[in-house]
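**Student:** This structure is in structure tokens; I'll ask about it shortly.
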Amino acid sequence: MFTLSEITSMRNGNSVKTEKEYSVLGYYQIIGGIVGFIIAAVSFVQTEGFNSLILGFLFLTAALFLFSIYCGVLCLKFKKQGLSLSLINQTLQVIGFAVGGYSFQYVAGLYFVIGVDMTDSVSFDFGVGLSKLDFSINHDHQKAIILINVVACIIANRIMNLQEHVKEEGDADL
């Protein structure tokens with residue numbers, strides 16, 4: 001026995017599994033973006049002085065987390081472009097680094113990172129958390145760290161598989 005939404009989905013040529021995966025991905029990105037935006041807003045409220053660099057960082061932070069929310073909304077509308085942009089969003093989250101005074105790590109959602117810290121000696125680091133943006137210029141020149149976000153790798157892989165599935169299905173609406 002099928003539910004009304006399953007019958008409607010099948011009638012439109014979209015498989016229920018494909019629509020569920022779009023929805024899960026959409027909600028994940030929206031929630032991750034909102035949580036990241038809230039965490040960033042709280043951090044900026046606690047910042048004491050504002051200059052052009054901090055305002056630029058504020059713009060970058062807002063843009064990245066809003067981009068995640070936008071990707072999620074497109075997925076909830078079952079748009080093919082939602083998958084393409086979501087893949088870009090997840091790819092930005094795969095690698096984090098701190099080298100030569102520059103650092104970058106962006107995550108909108110859950111993260112489990114495996115890292116190699118080569119600052120003083122080679123050591124392996126692990127981290128787990130929720131939405132963050134770490135961006136530095138001209139800070140801690142001696143740091144040499146590379147991070148891989150396993151969660152973003154898995155999601156990016158799943159998005160690529162879903163893109164293939166959508167091509168195979170030939171979904172007109174997706």
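Identifiers in this document derive from the order of the structure tokens: chains are assigned A, B, ..., residues are numbered from 1 separately in each chain, and ligands are numbered from 1 in order of occurrence.
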Pull the strand (DSSP E or B) assignments for chain A out of DSSP run on the backbone, and list those residues as a PyMOL selection string.
**Tutor:** chain A and resi 95-99+102-117+123-136+144-149
**Student:** Let's have the selection written as a PDB file, in the first residue's frame, with C-alpha atoms.
**Tutor:**
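Listing of result.pdb after writing:
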ATOM      1  CA  ILE A  95      39.581  20.424   3.914  1.00  0.00           C
ATOM      2  CA  GLY A  96      40.683  22.780   6.659  1.00  0.00           C
ATOM      3  CA  PHE A  97      44.196  24.113   7.065  1.00  0.00           C
ATOM      4  CA  ALA A  98      46.503  26.406   8.965  1.00  0.00           C
ATOM      5  CA  VAL A  99      49.747  27.188   7.135  1.00  0.00           C
ATOM      6  CA  TYR A 102      46.631  31.645   7.155  1.00  0.00           C
ATOM      7  CA  SER A 103      43.890  29.298   8.296  1.00  0.00           C
ATOM      8  CA  PHE A 104      40.496  28.215   7.027  1.00  0.00           C
ATOM      9  CA  GLN A 105      37.940  25.709   8.221  1.00  0.00           C
ATOM     10  CA  TYR A 106      34.259  25.964   7.317  1.00  0.00           C
ATOM     11  CA  VAL A 107      31.559  23.547   8.456  1.00  0.00           C
ATOM     12  CA  ALA A 108      27.793  24.009   8.208  1.00  0.00           C
ATOM     13  CA  GLY A 109      26.474  20.996  10.078  1.00  0.00           C
ATOM     14  CA  LEU A 110      28.225  18.158  11.838  1.00  0.00           C
ATOM     15  CA  TYR A 111      31.920  17.537  11.565  1.00  0.00           C
ATOM     16  CA  PHE A 112      34.330  14.776  12.435  1.00  0.00           C
ATOM     17  CA  VAL A 113      37.806  15.878  11.449  1.00  0.00           C
ATOM     18  CA  ILE A 114      41.004  13.930  11.216  1.00  0.00           C
ATOM     19  CA  GLY A 115      44.027  16.176  11.180  1.00  0.00           C
ATOM     20  CA  VAL A 116      47.766  16.148  10.952  1.00  0.00           C
ATOM     21  CA  ASP A 117      49.562  18.789  13.007  1.00  0.00           C
ATOM     22  CA  SER A 123      50.841  14.420  15.528  1.00  0.00           C
ATOM     23  CA  PHE A 124      47.356  13.333  14.632  1.00  0.00           C
ATOM     24  CA  ASP A 125      44.310  15.187  15.867  1.00  0.00           C
ATOM     25  CA  PHE A 126      40.622  14.361  15.883  1.00  0.00           C
ATOM     26  CA  GLY A 127      37.688  16.664  16.446  1.00  0.00           C
ATOM     27  CA  VAL A 128      33.920  16.496  16.565  1.00  0.00           C
ATOM     28  CA  GLY A 129      31.498  19.378  16.581  1.00  0.00           C
ATOM     29  CA  LEU A 130      28.791  21.428  14.980  1.00  0.00           C
ATOM     30  CA  SER A 131      28.966  24.308  12.471  1.00  0.00           C
ATOM     31  CA  LYS A 132      31.988  26.589  12.548  1.00  0.00           C
ATOM     32  CA  LEU A 133      34.050  28.977  10.519  1.00  0.00           C
ATOM     33  CA  ASP A 134      37.681  29.443  11.427  1.00  0.00           C
ATOM     34  CA  PHE A 135      39.448  31.982   9.231  1.00  0.00           C
ATOM     35  CA  SER A 136      42.705  33.756  10.065  1.00  0.00           C
ATOM     36  CA  ALA A 144      51.113  23.745   9.988  1.00  0.00           C
ATOM     37  CA  ILE A 145      47.870  21.781  10.217  1.00  0.00           C
ATOM     38  CA  ILE A 146      45.770  19.933   7.634  1.00  0.00           C
ATOM     39  CA  LEU A 147      42.257  18.720   8.532  1.00  0.00           C
ATOM     40  CA  ILE A 148      39.912  16.396   6.635  1.00  0.00           C
ATOM     41  CA  ASN A 149      36.204  16.520   7.506  1.00  0.00           C
TER      42      ASN A 149
END
**Student:** Looking only at the backbone, which of the residues in chain A does DSSP tag as helix (DSSP H, G or I), as number ranges by chain?
**Tutor:** A: 4-11, 16-45, 52-76, 80-94, 150-169
**Student:** I need the residues from that last selection saved to file as a short mmCIF file (atom, residue, chain, number, x, y, z; two decimals), in the first residue's frame (with C-alpha atoms), if you can.
**Tutor:**
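Below is the file that was written, out-v9.cif:
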data_model
loop_
_atom_site.label_atom_id
_atom_site.label_comp_id
_atom_site.auth_asym_id
_atom_site.auth_seq_id
_atom_site.Cartn_x
_atom_site.Cartn_y
_atom_site.Cartn_z
CA LEU A 4 -0.66 9.71 -1.07
CA SER A 5 2.75 11.42 -1.28
CA GLU A 6 4.34 8.23 -2.66
CA ILE A 7 1.65 7.95 -5.33
CA THR A 8 2.07 11.66 -6.21
CA SER A 9 5.86 11.24 -6.38
CA MET A 10 5.60 8.17 -8.59
CA ARG A 11 3.10 9.92 -10.83
CA VAL A 16 10.32 8.30 -3.12
CA LYS A 17 13.90 7.42 -2.18
CA THR A 18 15.28 10.28 -4.29
CA GLU A 19 12.87 12.78 -2.77
CA LYS A 20 13.68 11.60 0.77
CA GLU A 21 17.40 12.02 0.10
CA TYR A 22 16.82 15.52 -1.28
CA SER A 23 14.76 16.36 1.82
CA VAL A 24 17.29 14.98 4.31
CA LEU A 25 20.13 16.84 2.56
CA GLY A 26 18.03 20.01 2.45
CA TYR A 27 17.11 19.97 6.13
CA TYR A 28 20.70 19.09 7.12
CA GLN A 29 22.08 22.10 5.24
CA ILE A 30 19.41 24.48 6.48
CA ILE A 31 19.88 23.44 10.11
CA GLY A 32 23.68 23.53 9.78
CA GLY A 33 23.53 26.99 8.22
CA ILE A 34 21.18 28.35 10.88
CA VAL A 35 23.26 26.92 13.74
CA GLY A 36 26.45 28.30 12.19
CA PHE A 37 24.85 31.69 11.67
CA ILE A 38 23.70 31.79 15.32
CA ILE A 39 27.13 30.72 16.62
CA ALA A 40 28.80 33.36 14.45
CA ALA A 41 26.33 36.07 15.53
CA VAL A 42 26.98 35.33 19.21
CA SER A 43 30.75 35.46 18.59
CA PHE A 44 30.51 38.80 16.80
CA VAL A 45 28.34 40.32 19.51
CA SER A 52 37.27 46.59 8.03
CA LEU A 53 38.90 43.16 8.42
CA ILE A 54 36.35 42.06 11.02
CA LEU A 55 33.50 43.38 8.88
CA GLY A 56 34.89 41.44 5.90
CA PHE A 57 35.05 38.33 8.04
CA LEU A 58 31.47 38.97 9.17
CA PHE A 59 30.37 39.20 5.51
CA LEU A 60 32.25 35.99 4.59
CA THR A 61 30.72 34.15 7.55
CA ALA A 62 27.19 35.30 6.73
CA ALA A 63 27.65 34.48 3.04
CA LEU A 64 28.87 30.92 3.69
CA PHE A 65 26.15 30.03 6.18
CA LEU A 66 23.45 31.67 4.04
CA PHE A 67 24.80 29.71 1.06
CA SER A 68 24.27 26.50 3.04
CA ILE A 69 20.70 27.53 3.84
CA TYR A 70 20.09 28.41 0.17
CA CYS A 71 21.39 25.01 -0.94
CA GLY A 72 19.07 23.35 1.55
CA VAL A 73 16.05 25.29 0.31
CA LEU A 74 16.82 24.28 -3.31
CA CYS A 75 17.03 20.64 -2.23
CA LEU A 76 13.68 20.87 -0.45
CA LYS A 80 18.83 19.71 -9.73
CA GLN A 81 20.77 22.89 -9.08
CA GLY A 82 20.36 22.15 -5.38
CA LEU A 83 22.58 19.10 -5.76
CA SER A 84 25.24 20.96 -7.74
CA LEU A 85 25.42 23.82 -5.25
CA SER A 86 25.25 21.40 -2.31
CA LEU A 87 28.27 19.58 -3.73
CA ILE A 88 30.16 22.89 -3.84
CA ASN A 89 29.04 23.64 -0.29
CA GLN A 90 30.22 20.26 0.99
CA THR A 91 33.50 20.45 -0.95
CA LEU A 92 34.29 23.73 0.81
CA GLN A 93 33.90 21.82 4.08
CA VAL A 94 36.16 18.87 3.26
CA VAL A 150 34.99 12.93 7.18
CA VAL A 151 31.31 13.91 7.41
CA ALA A 152 31.63 16.35 4.48
CA CYS A 153 33.46 13.66 2.46
CA ILE A 154 30.63 11.20 3.03
CA ILE A 155 27.93 13.76 2.19
CA ALA A 156 29.77 14.92 -0.95
CA ASN A 157 30.06 11.29 -2.07
CA ARG A 158 26.36 10.74 -1.39
CA ILE A 159 25.49 13.87 -3.41
CA MET A 160 27.51 12.58 -6.38
CA ASN A 161 25.72 9.22 -6.14
CA LEU A 162 22.37 11.00 -5.94
CA GLN A 163 23.24 13.08 -9.03
CA GLU A 164 23.95 9.85 -10.93
CA HIS A 165 20.71 8.32 -9.68
CA VAL A 166 18.75 11.39 -10.82
CA LYS A 167 20.36 11.15 -14.28
CA GLU A 168 19.47 7.47 -14.50
CA GLU A 169 15.91 8.08 -13.35
#
